[in-house]
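Engineer: Have a look at the structure that comes next, please.
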Amino acid sequence: MSVRLRFAPSPTGALHIGSVRTFLYNYVFARQRGGTFILRVEDTDQERLVPGAIDSIYDGLHWLGITWDEGPREGGPHAPYVQSERLPLYRKHAEELIAKGAAYYCFCSKERLAELRREQEARHELTRYDRHCRNIPAAEAAERAKSESHVIRLKVPDEGTLAIDDLVHGRIEWQANTIEDQVLLKSDGYPTYHLAVVVDDHVMGITHIMRGEEWVASVPKHLLIYRAFGWDVPPMAHVPDVLGPDGKKLSKRHGSTAVSQFRDDGYLPEALVNYLALVGWSPGTEDELFSMEDLVRVWKIEQVQSAGGKWDKERLDFFNGVWIRRLPVEELVRRLRDFVPAEWDEGLLRQVTPLIQERMKTLKDAKDQIAFLFTDDLSYDRTALIPKKKDQAGTLQTLARSLAVLRSASPFTAALIRPTLEALAEELGWERRDLSQPIRVAITGRTVGPPLYESLELLGKEKAIARLETAQELLTGVKV
RNA sequence: GGCCCGGUCGCCUAGUGGUCCAGGGCGCUUCCCUUUCAAGGAAGAGGUCAGGGGUUCGAAUCCCCUCCGGGCUACCA
């Protein structure tokens with residue numbers, strides 16, 4: 001039988017990098033088994049909805065290369081895929097449970113519940129619903145439900161053991177008496193997460209439930225609901241969370257967690273996928289470079305770690321560098337377009353890209369490194385022209401000689417400039433590095449940057465000469 | 001407090017009773033390469049396998065206890 005997996009985000013904010021890792025595992029699992037992948041939006045908490053969240057989910061996942069077969073915009077055999085549009089389904093199921101005697105109407109006010117909790121806390125008791133409405137005669141409750149505000153609660157048994165054989169954690173057990181009579185349908189007519197997820201997973205034919213570890217605590221509640229309906233429980237896998245450096249769940253206070261932010265900061269989707277896949281999973285070999293296709297081929301649920309992993313930006317940066325270097329130049333140029341001014345010349349960008357490809361940690365880094373080729377607006381501290389252990393006069397002299405030598409360089413190519421400047425260094429008795437510094441600063445305004453000779457060639461003779469002259473003038477007025 | 005999950009170098013991890021005086025990667029240090037910075041190459045520092053008891057000829061690996069961290073404990077997901 002073909003597998004069906006779903007990922008079910010709540011549209012309560014921008015697509016979170018931590019949940020992406022869980023979606024990624026779901027996706028890879030479904031794809032490697034030739035199964036179906038489904039996006040279901042769980043918006044049963046009307047108070048926490050954030051406008052644009054669904055767009056953010058679509059944009060972010062598509063950018064990462066994660067696609068799905070059924071969803072709100074894709075449609076499918078179980079449409080709609082947004083829970084707020086499936087309300088009658090949940091009510092029908094909740095009432096079915098009432099008819100079976102497995103659930104009951106509860107008319108307790110939120111105030112009474114809050115008071116109850118306060119009293120229980122004061123007495124250091126377990127805070128849980130006291131089943132106040134559980135014994136109202138069914139007929140009377142049904143009658144009151146027509147006019148009174150109410151919720152529907154599950155009748156939880158007093159004893160018994162609930163258990164799953166989790167694909168990641170192995171067997172986990174709970175005693176039924178640790179669970180309260182949970183709410184299934186809220187007074188606003190919306191289902192709770194617990195009812196909705198169980199009903200939808202069953203109705204949509206989900207074969208494997210894979211989600212974040214933070215959900216294991218609610219598994220016994222789900223088990224009870226499955227049991228009440230008489231449904232089979234699909235295999236479950238609770239994957240470890242992505243943690244912040246402090247060991248708590250990764251959140252905004254650890255820095256940005258929005259996928260869109262990583263895109264804007266110049267990260268490659270390939271790098272993010274590769275990095276993220278390795279937090280909580282390892283192939284058991286020493287290979288660490290994985291494309292999405294590789295993951296679909298080699299990833300195994302059995303190899304998923306049971307402990308949470310901490311977010312490590314340095315390691316992400318490393319993978320980003322690796323993937324940038326692996327990109328064909330044409331592709332890198334294409335991706336760089338969004339990170340440099342639109343008016344920058346395409347041809348020049350194409351020429352300079354190979355020079356900086358291995359000098360970038362993120363796509364964002366490129367702009368500052370190559371700006372000198374596209375703008376004449378350089379500003380630098382003129383003392384930067386003077387190499388360590390050299391003085392103003394000597395540097396001035398060297399600049400003059402360099403200028404002379406470069407003026408007569410023809411053709412003005414790296415191949416020719418190289419021996420020319422090397423010979424000059426030899427003649428002056430200067431280290432090549434010392435000769436390069438004033439020239440580099442003069443033409444780029446920076447002490448570090450792409451290779452000098454190639455930079456000179458790309459800049460062109462005319463501009464190079466002009467900038468060296470400017471440097472000369474600047475330095476003439478310097479007191480050191 | 002209760003229930004549950006987890007605990008191998010700073011970080012991601014390999015390891016499922018012997019070949020582990022614990023391997024790889026990131027980061028860090030040093031060196032090489034070198035026109036800067038990167039990239040690349042080489043070397044190195046870094047771990048009482050949370051701690052303590054067992055079991056066993058032998059334990060990071062099995063059992064028990066303790067400690068620490070985390071999640072949940074809502075008409076939030």
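All residue names refer to the structure tokens as shown: chains lettered A, B, ... in order, residues numbered from 1 in each chain, ligands numbered from 1 in order.
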Residues of chain B were defined as contacting chain A if any atom lay at most 12 Å from it, counting only C-alpha atoms (C1' of nucleotides); please report them as a ChimeraX atom specification.

Structural biologist: /B:1-8,10-15,23-27,34-40,69-77

Engineer: Restricted to C-alpha atoms (C1' of nucleotides), what would the selected residues look like written as a short mmCIF file (atom, residue, chain, number, x, y, z; two decimals), in the first residue's frame?

Structural biologist:
data_model
loop_
_atom_site.label_atom_id
_atom_site.label_comp_id
_atom_site.auth_asym_id
_atom_site.auth_seq_id
_atom_site.Cartn_x
_atom_site.Cartn_y
_atom_site.Cartn_z
"C1'" G B 1 4.26 19.00 41.80
"C1'" G B 2 2.62 15.05 38.15
"C1'" C B 3 3.27 12.50 33.40
"C1'" C B 4 6.59 11.78 29.41
"C1'" C B 5 11.15 12.37 26.53
"C1'" G B 6 16.32 13.06 26.55
"C1'" G B 7 21.87 13.31 28.37
"C1'" U B 8 29.00 10.75 23.66
"C1'" G B 10 31.98 24.10 22.76
"C1'" C B 11 28.26 22.46 18.58
"C1'" C B 12 26.16 18.48 14.80
"C1'" U B 13 27.10 13.43 15.28
"C1'" A B 14 29.29 7.74 14.55
"C1'" G B 15 28.95 3.94 17.91
"C1'" G B 23 35.63 7.90 14.85
"C1'" G B 24 33.98 12.04 11.38
"C1'" G B 25 32.30 17.14 10.54
"C1'" C B 26 31.74 22.47 12.27
"C1'" G B 27 34.38 25.86 15.17
"C1'" U B 34 49.75 32.35 -1.52
"C1'" U B 35 49.25 39.36 -4.38
"C1'" U B 36 44.98 40.25 0.38
"C1'" C B 37 40.95 37.39 2.02
"C1'" A B 38 39.05 32.96 1.14
"C1'" A B 39 39.36 28.08 -0.77
"C1'" G B 40 42.66 23.83 -0.57
"C1'" G B 69 18.03 19.42 30.68
"C1'" G B 70 13.55 19.63 27.92
"C1'" G B 71 8.26 18.94 26.56
"C1'" C B 72 3.35 18.62 28.28
"C1'" U B 73 0.12 19.52 32.29
"C1'" A B 74 -5.59 25.21 28.20
"C1'" C B 75 -12.33 25.66 25.23
"C1'" C B 76 -3.08 26.93 21.90
"C1'" A B 77 -1.25 24.27 18.29
#

Engineer: I'd like the neighbourhood of Ile98 of chain A as a PDB file with C-alpha atoms, in the first residue's frame, where a residue qualifies if any of its atoms comes within 9 Å (using only C-alpha atoms (C1' of nucleotides)), though same-chain residues fewer than 4 positions away should be ignored.

Structural biologist:
ATOM      1  CA  HIS A  93     -17.841  13.229  14.709  1.00  0.00           C
ATOM      2  CA  ALA A  94     -18.048  14.789  18.145  1.00  0.00           C
ATOM      3  CA  ALA A 102     -18.086   8.150  24.676  1.00  0.00           C
ATOM      4  CA  ALA A 103     -18.353  11.918  25.052  1.00  0.00           C
ATOM      5  CA  TYR A 104     -20.618  14.428  26.767  1.00  0.00           C
ATOM      6  CA  TYR A 105     -21.773  18.008  26.708  1.00  0.00           C
ATOM      7  CA  ALA A 138     -28.103  12.515  28.147  1.00  0.00           C
ATOM      8  CA  ILE A 152     -17.998  18.497  24.118  1.00  0.00           C
ATOM      9  CA  ARG A 153     -15.656  16.481  26.281  1.00  0.00           C
ATOM     10  CA  LEU A 154     -14.344  12.960  25.944  1.00  0.00           C
TER      11      LEU A 154
END

Engineer: Determine which residues of segment 134-339 of chain A DSSP labels as strand (DSSP E or B) from the backbone of this structure, then write them out as a PyMOL selection string.

Structural biologist: chain A and resi 151-154+161-166+170-175+183-185+191+209-212+236-239+242-243+249+258+281+304+309-310

Engineer: Could you state the separation of atom C1' of U16 of chain B and atom C1' of A59 of chain B in Å, given to one decimal place?

Structural biologist: 11.4 Å

Engineer: Enumerate as a ChimeraX atom specification all residues of segment 159-376 of chain A assigned to helix (DSSP H, G or I) by DSSP on the backbone, naming them with the chain letters and numbers the document uses.

Structural biologist: /A:176-178,193-203,213-229,252-254,259-264,269-277,292-298,301-303,313-326,329-339,346-359,363-374

Engineer: At a cut-off of 8 Å, using only C-alpha atoms (C1' of nucleotides), what residues contact segment 45-52 of chain B? Leave out same-chain residues fewer than 2 positions from it and give the result as JSON, numbers by chain.

Structural biologist: {"B": [7, 8, 9, 22, 29, 60, 65, 66, 67, 68]}

Engineer: Would you save the residues of that selection, restricted to C-alpha atoms (C1' of nucleotides), as a tab-separated table (two decimals), in the first residue's frame?

Structural biologist:
chain	number	residue	atom	x	y	z
B	7	G	C1'	21.87	13.31	28.37
B	8	U	C1'	29.00	10.75	23.66
B	9	C	C1'	34.54	16.71	22.63
B	22	A	C1'	35.69	6.52	21.46
B	29	U	C1'	45.16	26.62	17.11
B	60	A	C1'	29.48	4.42	25.77
B	65	C	C1'	19.34	4.54	41.44
B	66	U	C1'	20.59	9.66	41.37
B	67	C	C1'	21.48	14.26	38.98
B	68	C	C1'	20.74	17.60	35.07
